[in-house]
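K.L.:
Provided herewith is a single structure, encoded as structure tokens, for subsequent inquiry.
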Amino acid sequence: VIPVGRAVGIKLFSDGVVVVGTSEVATDTGNVNPAKDCGLKEGDIITHINATEVDSIEEVSALLQELEGQTMSIRAIRDDKQVQLTAQAVLCSSDSTYKLGAWIRDSMAGIGTVTYVDPDSGAFGALGHGINDVDTALLMPLEEGTILPATVVGVNKGQAGTPGQLKGSFDSSGFLGSLQANTSSGIFGQMESVNWADGQAVEVAQSSQVHTGKATILSNISGDQVEEYEIEIVKIFPDSQQDGRDYLITVTDQRLLETTGGIVQGMSGSPILQDGRFIGAVTHVLINDPSCGYGISAQRMLSAADKAAQ
């Protein structure tokens, strides 16, 4: 595969709408909470109201107005199982619209790093971990998504207790590729053109070929320029049950430490190279020491990509 390390904009639209909380609705007869009363919980993914499939906040709101407080059935996914609930929206006294009292989310957007591209198929992997809802911490169910051209315009340097962050801008009208899977081991999809990925294809390391010691990462911390930085693999967890924590790594490159403090948000997905092979990707930072973090193995990431493709 071609190791990339370049920042992109990521837009994800959910399959269903995610309940991120509930709240009371003011009515002429007092405050009520229909969402809580019917049994909806934070983290539920609403997929249908009556027989109608819903994927956006606008679709949910339009149905509530159309039903005008009639009893309705709600189909949702909870802990990978389907649940059926019965609810009634109420008329809000402050704006005269029907509401359920559920805070819901249908999309997310941000900056991340593309890890690799397959030069033959155009398949790509990024992040090395999944995209989770910021409120529920649950994996966002993917309906569709895209990756877009991006530029890193600044860095909030990481410090002990405070993770840093890449600040970027992306072109919403641009298009680099489509997302096809959001998994705990990375996001995966298809590039429109492999020409976007600079660099030569390298061999993917087998797990037995990875060892502690010197390695490098490819990362984009300014503009759209990718540079190689020195790190060290401190420890390998061969039987890790936690996705994204196969390697304990530390940044040793003074250029990176001076600019970012080490690993910052937005660098997730930066490919790790050792002995000329692609061995994995950066995934997490240690909050109390931003010079250290974790990486996912290439084998685990590619296995997740294969499962998603199937």
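Letters for chains follow the order of the structure tokens (A, B, ...), residue numbers begin at 1 for each chain, and ligand numbers begin at 1 in the order shown.
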Could you give me, as a compact mmCIF listing (two decimals) with all heavy atoms, in the first residue's frame, the residues within 7 Å of Ala281 in chain A, counting only C-alpha atoms and dropping anything in the same chain fewer than 4 positions from it?

P.N.:
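Contents of selection09.txt, freshly written:
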```txt
# COMPACT_ATOMS: atom_id res chain seq x y z
N THR A 115 -4.37 7.15 6.24
CA THR A 115 -3.25 6.27 6.58
C THR A 115 -2.61 5.65 5.34
O THR A 115 -1.40 5.72 5.16
CB THR A 115 -3.72 5.15 7.52
OG1 THR A 115 -4.40 5.72 8.64
CG2 THR A 115 -2.54 4.32 8.01
N GLY A 128 -7.40 5.07 12.00
CA GLY A 128 -6.96 3.97 12.87
C GLY A 128 -7.91 3.70 14.02
O GLY A 128 -7.73 2.77 14.79
N GLY A 269 -4.19 8.38 12.53
CA GLY A 269 -4.12 7.84 11.18
C GLY A 269 -2.76 8.01 10.55
O GLY A 269 -2.48 7.41 9.50
N SER A 270 -1.87 8.82 11.16
CA SER A 270 -0.52 8.99 10.61
C SER A 270 0.15 7.63 10.52
O SER A 270 0.28 6.92 11.53
CB SER A 270 0.30 9.91 11.51
OG SER A 270 -0.25 11.21 11.55
N PRO A 271 0.59 7.21 9.32
CA PRO A 271 1.16 5.87 9.17
C PRO A 271 2.49 5.73 9.89
O PRO A 271 3.27 6.69 9.97
CB PRO A 271 1.33 5.72 7.65
CG PRO A 271 1.36 7.11 7.13
CD PRO A 271 0.51 7.94 8.04
N ILE A 272 2.74 4.54 10.44
CA ILE A 272 4.00 4.22 11.11
C ILE A 272 4.79 3.28 10.20
O ILE A 272 4.26 2.28 9.70
CB ILE A 272 3.75 3.53 12.47
CG1 ILE A 272 2.80 4.37 13.34
CG2 ILE A 272 5.07 3.30 13.20
CD1 ILE A 272 2.39 3.68 14.65
N GLY A 295 -0.55 3.10 18.96
CA GLY A 295 -0.75 2.86 17.55
C GLY A 295 -1.45 1.55 17.32
O GLY A 295 -1.36 0.62 18.13
N ILE A 296 -2.13 1.46 16.20
CA ILE A 296 -2.80 0.22 15.79
C ILE A 296 -1.92 -0.48 14.77
O ILE A 296 -1.21 0.15 14.00
CB ILE A 296 -4.20 0.52 15.18
CG1 ILE A 296 -4.96 -0.77 14.88
CG2 ILE A 296 -4.09 1.39 13.93
CD1 ILE A 296 -6.40 -0.54 14.45
N SER A 297 -1.93 -1.81 14.77
CA SER A 297 -1.11 -2.56 13.82
C SER A 297 -1.73 -2.50 12.43
O SER A 297 -2.95 -2.41 12.28
CB SER A 297 -0.96 -4.01 14.27
OG SER A 297 -2.18 -4.72 14.07
```

K.L.:
May I have the residues within 10 Å of Lys307 in chain A as a list in words, using only C-alpha atoms and disregarding those fewer than 5 positions away in the same chain?

P.N.:
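Those residues are Ala181, Thr183 and Leu302 of chain A.
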
K.L.:
Interatomic distance between CA of Ala309 in chain A and CA of Met267 in chain A?

P.N.:
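Interatomic distance here is 24.8 Å.
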
K.L.:
Grab the CA of Arg6 in chain A to CA of Asp171 in chain A distance for me, in Å with one decimal place.

P.N.:
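Interatomic distance here is 14.8 Å.
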
K.L.:
Could you give me, as a PyMOL selection string, the residues within 9 Å of range 29-36 of chain A, counting only C-alpha atoms and dropping anything in the same chain fewer than 5 positions from it?

P.N.:
chain A and resi 22-24+41+87-90+99-102

K.L.:
Since we have the selection now, will you write its residues out, keeping N, CA and C atoms, as a JSON list (two decimals), in the first residue's frame?

P.N.:
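Below is the file again09.json, written as the result:
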```json
[["chain", "number", "residue", "atom", "x", "y", "z"],
["A", 22, "THR", "N", -32.15, 13.85, 26.44],
["A", 22, "THR", "CA", -33.58, 14.20, 26.46],
["A", 22, "THR", "C", -33.77, 15.44, 27.34],
["A", 23, "SER", "N", -34.86, 16.14, 27.10],
["A", 23, "SER", "CA", -35.14, 17.33, 27.91],
["A", 23, "SER", "C", -36.65, 17.57, 27.97],
["A", 24, "GLU", "N", -37.05, 18.36, 28.94],
["A", 24, "GLU", "CA", -38.47, 18.67, 29.09],
["A", 24, "GLU", "C", -38.92, 19.67, 28.04],
["A", 41, "LYS", "N", -33.51, 6.33, 25.26],
["A", 41, "LYS", "CA", -32.32, 6.53, 26.09],
["A", 41, "LYS", "C", -31.19, 7.14, 25.26],
["A", 87, "ALA", "N", -44.83, 6.50, 21.43],
["A", 87, "ALA", "CA", -44.66, 7.85, 21.96],
["A", 87, "ALA", "C", -45.70, 8.80, 21.38],
["A", 88, "GLN", "N", -45.80, 9.97, 22.04],
["A", 88, "GLN", "CA", -46.63, 11.07, 21.55],
["A", 88, "GLN", "C", -45.85, 12.37, 21.70],
["A", 89, "ALA", "N", -45.66, 13.07, 20.58],
["A", 89, "ALA", "CA", -45.05, 14.40, 20.66],
["A", 89, "ALA", "C", -46.06, 15.37, 21.26],
["A", 90, "VAL", "N", -45.56, 16.47, 21.83],
["A", 90, "VAL", "CA", -46.44, 17.46, 22.45],
["A", 90, "VAL", "C", -46.19, 18.83, 21.80],
["A", 99, "LYS", "N", -42.92, 18.60, 19.56],
["A", 99, "LYS", "CA", -41.59, 18.15, 19.94],
["A", 99, "LYS", "C", -41.66, 16.87, 20.76],
["A", 100, "LEU", "N", -40.58, 16.11, 20.68],
["A", 100, "LEU", "CA", -40.49, 14.85, 21.41],
["A", 100, "LEU", "C", -39.64, 14.99, 22.67],
["A", 101, "GLY", "N", -38.84, 16.06, 22.73],
["A", 101, "GLY", "CA", -37.95, 16.25, 23.87],
["A", 101, "GLY", "C", -36.69, 15.42, 23.78],
["A", 102, "ALA", "N", -36.30, 15.05, 22.55],
["A", 102, "ALA", "CA", -35.06, 14.29, 22.34],
["A", 102, "ALA", "C", -34.07, 15.16, 21.58]]
```

K.L.:
If we count only C-alpha atoms and set the cut-off at 10 Å, which residues sit around Val153 in chain A, ignoring sequence neighbours fewer than 2 positions away in its own chain? Please answer as a PyMOL selection string.

P.N.:
chain A and resi 150-151+155+166-169+221-224

K.L.:
Generate a file of the selected residues that holds N, CA, C and O atoms, formatted as a PDB file, in the first residue's frame.

P.N.:
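Final output, saved to result-v4.pdb:
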```pdb
ATOM      1  N   ALA A 150      -8.072  19.199   2.392  1.00  0.00           N
ATOM      2  CA  ALA A 150      -7.940  19.998   3.618  1.00  0.00           C
ATOM      3  C   ALA A 150      -6.551  20.609   3.700  1.00  0.00           C
ATOM      4  O   ALA A 150      -5.592  20.114   3.102  1.00  0.00           O
ATOM      5  N   THR A 151      -6.473  21.687   4.471  1.00  0.00           N
ATOM      6  CA  THR A 151      -5.211  22.365   4.742  1.00  0.00           C
ATOM      7  C   THR A 151      -5.090  22.585   6.239  1.00  0.00           C
ATOM      8  O   THR A 151      -6.045  23.059   6.874  1.00  0.00           O
ATOM      9  N   VAL A 155      -1.754  24.890  14.881  1.00  0.00           N
ATOM     10  CA  VAL A 155      -1.630  23.800  15.850  1.00  0.00           C
ATOM     11  C   VAL A 155      -1.839  24.350  17.257  1.00  0.00           C
ATOM     12  O   VAL A 155      -1.213  25.344  17.637  1.00  0.00           O
ATOM     13  N   LEU A 166      -4.754  19.760  15.785  1.00  0.00           N
ATOM     14  CA  LEU A 166      -4.502  20.413  14.514  1.00  0.00           C
ATOM     15  C   LEU A 166      -5.726  21.233  14.143  1.00  0.00           C
ATOM     16  O   LEU A 166      -6.854  20.765  14.273  1.00  0.00           O
ATOM     17  N   LYS A 167      -5.499  22.465  13.689  1.00  0.00           N
ATOM     18  CA  LYS A 167      -6.595  23.297  13.214  1.00  0.00           C
ATOM     19  C   LYS A 167      -6.538  23.319  11.694  1.00  0.00           C
ATOM     20  O   LYS A 167      -5.510  23.658  11.112  1.00  0.00           O
ATOM     21  N   GLY A 168      -7.631  22.946  11.076  1.00  0.00           N
ATOM     22  CA  GLY A 168      -7.629  22.841   9.619  1.00  0.00           C
ATOM     23  C   GLY A 168      -8.870  23.420   8.988  1.00  0.00           C
ATOM     24  O   GLY A 168      -9.877  23.680   9.652  1.00  0.00           O
ATOM     25  N   SER A 169      -8.783  23.657   7.708  1.00  0.00           N
ATOM     26  CA  SER A 169      -9.944  24.072   6.928  1.00  0.00           C
ATOM     27  C   SER A 169     -10.070  23.132   5.748  1.00  0.00           C
ATOM     28  O   SER A 169      -9.062  22.666   5.212  1.00  0.00           O
ATOM     29  N   ILE A 221       1.352  18.447   9.496  1.00  0.00           N
ATOM     30  CA  ILE A 221       1.056  19.382  10.586  1.00  0.00           C
ATOM     31  C   ILE A 221       1.092  20.838  10.136  1.00  0.00           C
ATOM     32  O   ILE A 221       0.909  21.748  10.941  1.00  0.00           O
ATOM     33  N   SER A 222       1.297  21.058   8.825  1.00  0.00           N
ATOM     34  CA  SER A 222       1.294  22.416   8.289  1.00  0.00           C
ATOM     35  C   SER A 222       0.908  22.378   6.820  1.00  0.00           C
ATOM     36  O   SER A 222       1.466  21.580   6.050  1.00  0.00           O
ATOM     37  N   GLY A 223      -0.042  23.229   6.428  1.00  0.00           N
ATOM     38  CA  GLY A 223      -0.485  23.265   5.037  1.00  0.00           C
ATOM     39  C   GLY A 223      -0.964  21.905   4.577  1.00  0.00           C
ATOM     40  O   GLY A 223      -1.765  21.262   5.234  1.00  0.00           O
ATOM     41  N   ASP A 224      -0.448  21.465   3.418  1.00  0.00           N
ATOM     42  CA  ASP A 224      -0.756  20.106   2.961  1.00  0.00           C
ATOM     43  C   ASP A 224       0.523  19.296   2.788  1.00  0.00           C
ATOM     44  O   ASP A 224       0.566  18.310   2.061  1.00  0.00           O
TER      45      ASP A 224
END
```

K.L.:
From a backbone DSSP assignment, name each residue in range 158-257 of chain A labelled strand (DSSP E), as a PyMOL selection string.

P.N.:
chain A and resi 165-170+177-183+186-191+213-222+225-236+247-251

K.L.:
Give me, as an MDAnalysis selection string, all polymer residues having an atom no more than 10 Å from Gly199 in chain A, counting only C-alpha atoms and skipping those fewer than 3 positions away in the same chain.

P.N.:
chainID A and resid 1:4 195:196 202

K.L.:
Go ahead and write the residues just picked, N, CA and C atoms, as a compact mmCIF listing (two decimals), in the first residue's frame.

P.N.:
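Now in out.txt:
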```
# COMPACT_ATOMS: atom_id res chain seq x y z
N VAL A 1 0.85 -1.19 0.00
CA VAL A 1 0.00 0.00 0.00
C VAL A 1 0.89 1.24 0.00
N ILE A 2 0.29 2.39 -0.35
CA ILE A 2 1.00 3.67 -0.30
C ILE A 2 0.72 4.30 1.06
N PRO A 3 1.72 4.47 1.93
CA PRO A 3 1.49 5.19 3.19
C PRO A 3 1.32 6.67 2.88
N VAL A 4 0.30 7.31 3.48
CA VAL A 4 -0.06 8.67 3.05
C VAL A 4 0.30 9.72 4.11
N ASN A 195 -3.98 9.12 -7.64
CA ASN A 195 -2.95 10.12 -7.92
C ASN A 195 -2.80 11.14 -6.80
N TRP A 196 -3.86 11.29 -5.97
CA TRP A 196 -3.81 12.23 -4.85
C TRP A 196 -2.78 11.77 -3.82
N VAL A 202 4.65 0.41 -0.41
CA VAL A 202 5.61 -0.36 0.39
C VAL A 202 4.94 -1.64 0.89
```
